[in-house]
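File shown here: target.cif, holding mmCIF, C-alpha atoms.
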```cif
data_protein
loop_
_atom_site.label_atom_id
_atom_site.label_comp_id
_atom_site.auth_asym_id
_atom_site.auth_seq_id
_atom_site.Cartn_x
_atom_site.Cartn_y
_atom_site.Cartn_z
CA MET A 1 0.00 0.00 0.00
CA ILE A 2 1.44 3.34 -1.08
CA LEU A 3 -0.11 6.36 0.59
CA THR A 4 0.02 9.70 -1.22
CA ASP A 5 -0.65 13.23 0.07
CA GLY A 6 -4.42 12.86 -0.30
CA ASN A 7 -4.86 9.61 1.64
CA ILE A 8 -2.22 9.71 4.39
CA ASP A 9 -3.89 8.76 7.67
CA SER A 10 -1.55 8.58 10.66
CA LYS A 11 -4.02 6.49 12.69
CA ASN A 12 -4.07 3.73 10.06
CA ILE A 13 -0.26 3.82 9.79
CA ASP A 14 0.01 3.54 13.59
CA LYS A 15 -2.32 0.50 13.57
CA LEU A 16 -0.35 -1.20 10.81
CA ILE A 17 3.29 -0.61 11.84
CA GLY A 18 3.08 1.02 15.27
CA LYS A 19 3.86 4.48 16.52
CA ALA A 20 7.01 6.40 15.68
CA LEU A 21 9.85 5.81 18.10
CA LYS A 22 11.05 8.79 20.07
CA PHE A 23 14.74 9.53 20.51
CA ASN A 24 15.84 8.58 24.02
CA TRP A 25 19.00 10.23 25.34
CA LYS A 26 19.69 7.30 27.68
CA ASN A 27 19.25 4.57 25.05
CA ARG A 28 20.49 6.57 22.02
CA ARG A 29 18.85 4.27 19.52
CA VAL A 30 18.78 5.45 15.92
CA VAL A 31 15.20 6.18 14.81
CA GLY A 32 15.73 7.33 11.22
CA GLY A 33 17.92 6.49 8.26
CA VAL A 34 19.96 8.75 6.02
CA GLY A 35 18.60 10.43 2.90
CA MET A 36 18.77 8.22 -0.18
CA PHE A 37 17.57 8.37 -3.77
CA LEU A 38 15.34 5.66 -5.23
CA SER A 39 17.02 4.10 -8.27
CA SER A 40 14.51 1.31 -8.96
CA PHE A 41 11.10 0.23 -7.70
CA GLU A 42 9.07 -2.87 -8.41
CA ASN A 43 5.59 -3.52 -7.03
CA LYS A 44 4.88 -7.26 -6.94
CA THR A 45 1.19 -6.95 -6.04
CA SER A 46 -0.21 -4.09 -8.11
CA SER A 47 1.30 -2.52 -11.19
CA SER A 48 -0.67 0.71 -10.76
CA GLU A 49 1.01 1.78 -7.48
CA LYS A 50 4.54 3.04 -8.06
CA LEU A 51 7.09 5.39 -6.59
CA LYS A 52 8.96 7.75 -8.88
CA VAL A 53 12.56 6.87 -9.64
CA ASN A 54 15.03 9.50 -8.32
CA SER A 55 12.71 10.49 -5.50
CA LYS A 56 14.33 11.43 -2.19
CA CYS A 57 13.65 8.74 0.42
CA ASN A 58 14.12 8.25 4.16
CA LEU A 59 13.33 5.26 6.35
CA GLU A 60 11.83 5.66 9.81
CA ILE A 61 11.71 2.95 12.49
CA ARG A 62 8.25 2.23 13.84
CA GLY A 63 7.18 -0.16 16.60
CA LYS A 64 6.32 -3.02 14.21
CA GLY A 65 8.24 -2.09 11.09
CA LEU A 66 9.49 0.72 8.87
CA LEU A 67 7.91 3.72 7.22
CA LEU A 68 9.41 4.79 3.91
CA HIS A 69 9.05 8.51 3.24
CA SER A 70 9.37 9.44 -0.44
CA ASN A 71 9.36 12.91 -1.95
CA PHE A 72 9.47 13.71 -5.66
CA SER A 73 8.92 17.31 -6.78
CA GLY A 74 7.08 18.15 -3.57
CA LYS A 75 4.70 15.17 -3.85
CA ARG A 76 5.01 13.06 -0.74
CA SER A 77 4.35 9.32 -0.57
CA LEU A 78 4.55 6.91 2.36
CA VAL A 79 5.05 3.15 2.24
CA PRO A 80 4.42 1.27 5.49
CA ILE A 81 6.55 -1.90 5.71
CA VAL A 82 5.74 -4.50 8.35
CA LYS A 83 8.92 -5.98 9.83
CA SER A 84 7.76 -9.56 9.23
CA ASP A 85 7.28 -8.79 5.50
CA ILE A 86 10.96 -7.89 5.05
CA ILE A 87 12.72 -10.64 3.09
CA GLU A 88 16.15 -9.04 2.79
CA ILE A 89 17.98 -5.75 3.20
CA LYS A 90 21.38 -5.54 1.54
CA LEU A 91 23.70 -2.59 2.15
CA ILE A 92 26.72 -2.33 -0.16
CA ARG A 93 29.54 0.10 0.57
CA GLY A 94 31.17 1.83 -2.38
CA GLU A 95 34.80 1.31 -3.23
CA GLU A 96 37.13 3.47 -1.16
CA LYS A 97 40.26 5.06 -2.63
CA ILE A 98 42.86 6.33 -0.14
CA ASN A 99 45.96 8.10 -1.45
CA PRO A 100 47.09 10.86 0.95
CA ILE A 101 49.67 13.42 -0.10
CA PRO A 102 52.76 13.20 2.14
CA PHE A 103 52.74 15.74 4.99
CA SER A 104 49.12 16.80 4.32
CA PRO A 105 46.74 16.94 7.33
CA MET A 106 45.13 13.64 6.29
CA TRP A 107 48.52 11.93 5.94
CA ILE A 108 49.66 13.21 9.36
CA LEU A 109 46.49 11.97 11.09
CA LEU A 110 46.80 8.56 9.47
CA LYS A 111 50.44 8.32 10.61
CA LEU A 112 49.37 9.27 14.16
CA GLY A 113 46.95 6.33 14.16
CA PHE A 114 43.64 8.09 13.54
CA SER A 115 41.11 6.08 11.56
CA VAL A 116 40.35 6.79 7.93
CA LEU A 117 36.78 7.64 9.00
CA GLN A 118 38.12 10.62 10.97
CA SER A 119 41.02 11.72 8.82
CA ARG A 120 39.20 11.51 5.46
CA TYR A 121 37.53 14.86 6.11
CA LEU A 122 40.93 16.61 6.05
CA GLY A 123 41.89 15.44 2.57
CA LEU A 124 42.89 18.47 0.52
CA THR A 125 41.88 17.05 -2.88
CA LYS A 126 39.53 14.39 -4.21
CA GLN A 127 42.56 12.35 -5.20
CA GLN A 128 43.48 11.87 -1.52
CA TYR A 129 40.21 10.21 -0.51
CA SER A 130 37.13 9.23 -2.42
CA ILE A 131 34.35 6.73 -1.92
CA ASP A 132 31.84 5.52 -4.46
CA PRO A 133 28.12 5.78 -3.65
CA MET A 134 26.61 3.15 -1.42
CA GLU A 135 23.67 1.05 -2.56
CA MET A 136 20.87 -0.44 -0.50
CA SER A 137 18.32 -2.96 -1.74
CA LEU A 138 15.15 -3.69 0.19
CA LYS A 139 13.04 -6.74 -0.66
CA THR A 140 9.68 -7.32 0.94
CA ASP A 141 6.72 -9.55 0.14
CA SER A 142 5.18 -6.71 -1.90
CA TYR A 143 8.07 -4.53 -3.12
CA GLU A 144 11.64 -4.57 -4.37
CA MET A 145 13.49 -1.28 -4.09
CA VAL A 146 17.05 -0.14 -4.71
CA PHE A 147 18.43 3.08 -3.23
CA ASN A 148 21.67 5.03 -3.75
CA ALA A 149 23.30 7.51 -1.39
CA ASN A 150 26.61 9.24 -0.81
CA GLY A 151 29.29 6.79 0.32
CA PHE A 152 30.20 9.02 3.27
CA LEU A 153 26.83 8.10 4.83
CA PHE A 154 27.51 4.36 4.93
CA GLU A 155 28.40 4.12 8.64
CA ARG A 156 25.27 5.99 9.72
CA GLN A 157 23.05 3.81 7.52
CA GLU A 158 24.78 0.68 8.84
CA ALA A 159 24.08 1.73 12.46
CA PHE A 160 20.46 2.43 11.55
CA LEU A 161 19.93 -0.97 9.92
CA GLU A 162 21.61 -2.85 12.76
CA CYS A 163 19.05 -1.35 15.17
CA LEU A 164 16.31 -3.25 13.30
CA ASP A 165 17.46 -6.65 14.65
CA LEU A 166 16.82 -8.45 11.36
CA GLY A 167 19.48 -11.12 11.89
CA ALA A 168 20.22 -13.09 8.71
CA ARG A 169 17.84 -10.92 6.67
CA LEU A 170 20.38 -8.07 6.86
CA ALA A 171 23.49 -8.31 4.68
CA ILE A 172 26.18 -5.64 4.93
CA ILE A 173 28.83 -5.79 2.22
CA LYS A 174 31.82 -3.54 2.63
CA GLY A 175 33.65 -2.64 -0.56
CA PHE A 176 37.38 -3.03 -0.98
CA SER A 177 39.65 -0.14 -0.12
CA ASN A 178 42.72 0.84 -2.06
#
```
Can I see the file as structure tokens?
Amino acid sequence: MILTDGNIDSKNIDKLIGKALKFNWKNRRVVGGVGMFLSSFENKTSSSEKLKVNSKCNLEIRGKGLLLHSNFSGKRSLVPIVKSDIIEIKLIRGEEKINPIPFSPMWILLKLGFSVLQSRYLGLTKQQYSIDPMEMSLKTDSYEMVFNANGFLFERQEAFLECLDLGARLAIIKGFSN
């Protein structure tokens, strides 16, 4: 079921997938995913309901599942996804290229033992550090979707997906680094 601006009813969404989780400072559980772009969408049940390719999408954790927020040219759509309907979520990290210039801030931090995740932000040129876009595929009983996002967001998306407790239904594939 894809809900558009005209037929979004928060009470029905709450009945289907539960209420939105609130951020708790003591627990610090992630409640929302990073912004992604939809690169493909397949509806297995009805060919008339579709999401637009290249729409901006976010996932939100609910009590009994996920809520996919989609926005294309100001037209909002919501897709409630029951947790038990999720067949597989696959997160693929883009290829990482690390080639710091000697004595640059990034090179110095790496030599001091800082992680690439911290020192990559001090690369002076794109040739020092680059990462290809990440890809996420989501397969449910009703839909198959593929999303793309900036590779720098991989760690945040990984933390978000691990909070779902999907077990073997979650596959995280980290690309090779240079």
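Distances here use all atoms listed in the file; by that measure, the residue among A:Ala149, A:Leu16, A:Val116, A:Ala171 closest to Ile81 of chain A is A:Leu16.
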Which of these residues is nearest to Ser130 of chain A, using only C-alpha atoms: A:Ser142, A:Asn54, A:Asn99, A:Gln157?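 Residue with the minimum atom-to-atom distance to Ser130 of chain A: A:Asn99.
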Given the point (11.9, 4.1, -14.3) in the file's coordinates, find the residues that have an atom at most 12 Å from it, counting all atoms listed in the file, and give them as JSON, numbers by chain. {"A": [38, 39, 40, 41, 42, 50, 51, 52, 53, 54, 55, 145, 146]}
query = If you apply the PyMOL selection byres ((chain A and resi 85) around 6) to this file, what residues do you get, as a PyMOL selection string?
reply = chain A and resi 82-84+86+140-141
Note to self: Could you tell me, as a PyMOL selection string, exactly which residues end up selected when the PyMOL selection byres ((chain A and resi 173) around 10) is applied to this structure?
What the structure shows: chain A and resi 90-94+134-136+170-172+174-176
What's around Gly35 of chain A at 8 Å? Count only C-alpha atoms, leave out sequence neighbours fewer than 2 positions away in its own chain, and write the answer as a VMD selection string. chain A and resid 33 37 56 to 58 149
| field | Distance in Å - atom CA of Gly6 of chain A versus atom CA of Gly63 of chain A | value |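 These two atoms are separated by 24.3 Å.
Atom to atom, atom CA of Gly167 of chain A and atom CA of Ser70 of chain A stand 26.0 Å apart.
The coordinates place atom CA of Leu164 of chain A at 7.8 Å from atom CA of Ile61 of chain A.
Closest approach to Gln127 of chain A from the set A:Ile89, A:Ile98, A:Leu109, A:Met36 is made by A:Ile98, with distances taken over only C-alpha atoms.
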Across A:Ile101, A:Leu166, A:Ala159, A:Leu67, the smallest distance to Pro80 of chain A, with only C-alpha atoms counted, is shown by A:Leu67
Which centre and edge lengths in Å to one decimal define the box along x, y and z that fits every listed atom of segment 58-66 of chain A plus 8 Å per side, as JSON?
```
{"center_x": 10.2, "center_y": 2.6, "center_z": 10.4, "size_x": 23.8, "size_y": 27.3, "size_z": 28.4}
```
Just checking: using only C-alpha atoms, which residue out of A:Ile108, A:Ile87, A:Arg76, A:Ala20 ends up closest to Asp5 of chain A?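 Closest candidate: A:Arg76.
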Which one is closest to Leu153 of chain A: A:Ala168, A:Val34, A:Leu78, A:Pro102? Count only C-alpha atoms.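 Ranked by minimum distance to Leu153 of chain A, first place goes to A:Val34.
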Please provide as a short mmCIF file (atom, residue, chain, number, x, y, z; two decimals) with C-alpha atoms, keeping the file's coordinate frame all residues within 8 Å of Phe152 of chain A, with the sequence filter that same-chain residues fewer than 2 positions apart are discarded (counting all atoms listed in the file).
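Contents of the output file around18.cif:
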```
data_model
loop_
_atom_site.label_atom_id
_atom_site.label_comp_id
_atom_site.auth_asym_id
_atom_site.auth_seq_id
_atom_site.Cartn_x
_atom_site.Cartn_y
_atom_site.Cartn_z
CA ILE A 131 34.35 6.73 -1.92
CA PRO A 133 28.12 5.78 -3.65
CA ASN A 150 26.61 9.24 -0.81
CA PHE A 154 27.51 4.36 4.93
CA GLU A 155 28.40 4.12 8.64
#
```
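Residues captured in this structure file are Asn43, Lys44, Ser46, Ser47, Glu49, Asp141, Ser142 and Tyr143 of chain A, according to the PyMOL selection byres ((chain A and resi 45) around 9).
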Practice item. For Met106 of chain A, list every protein, DNA or RNA residue within 7 Å, evaluated using all atoms listed in the file, and leave out those in the same chain fewer than 4 positions away; present the list as a VMD selection string. Key: chain A and resid 100 110 119 to 120 122 to 123
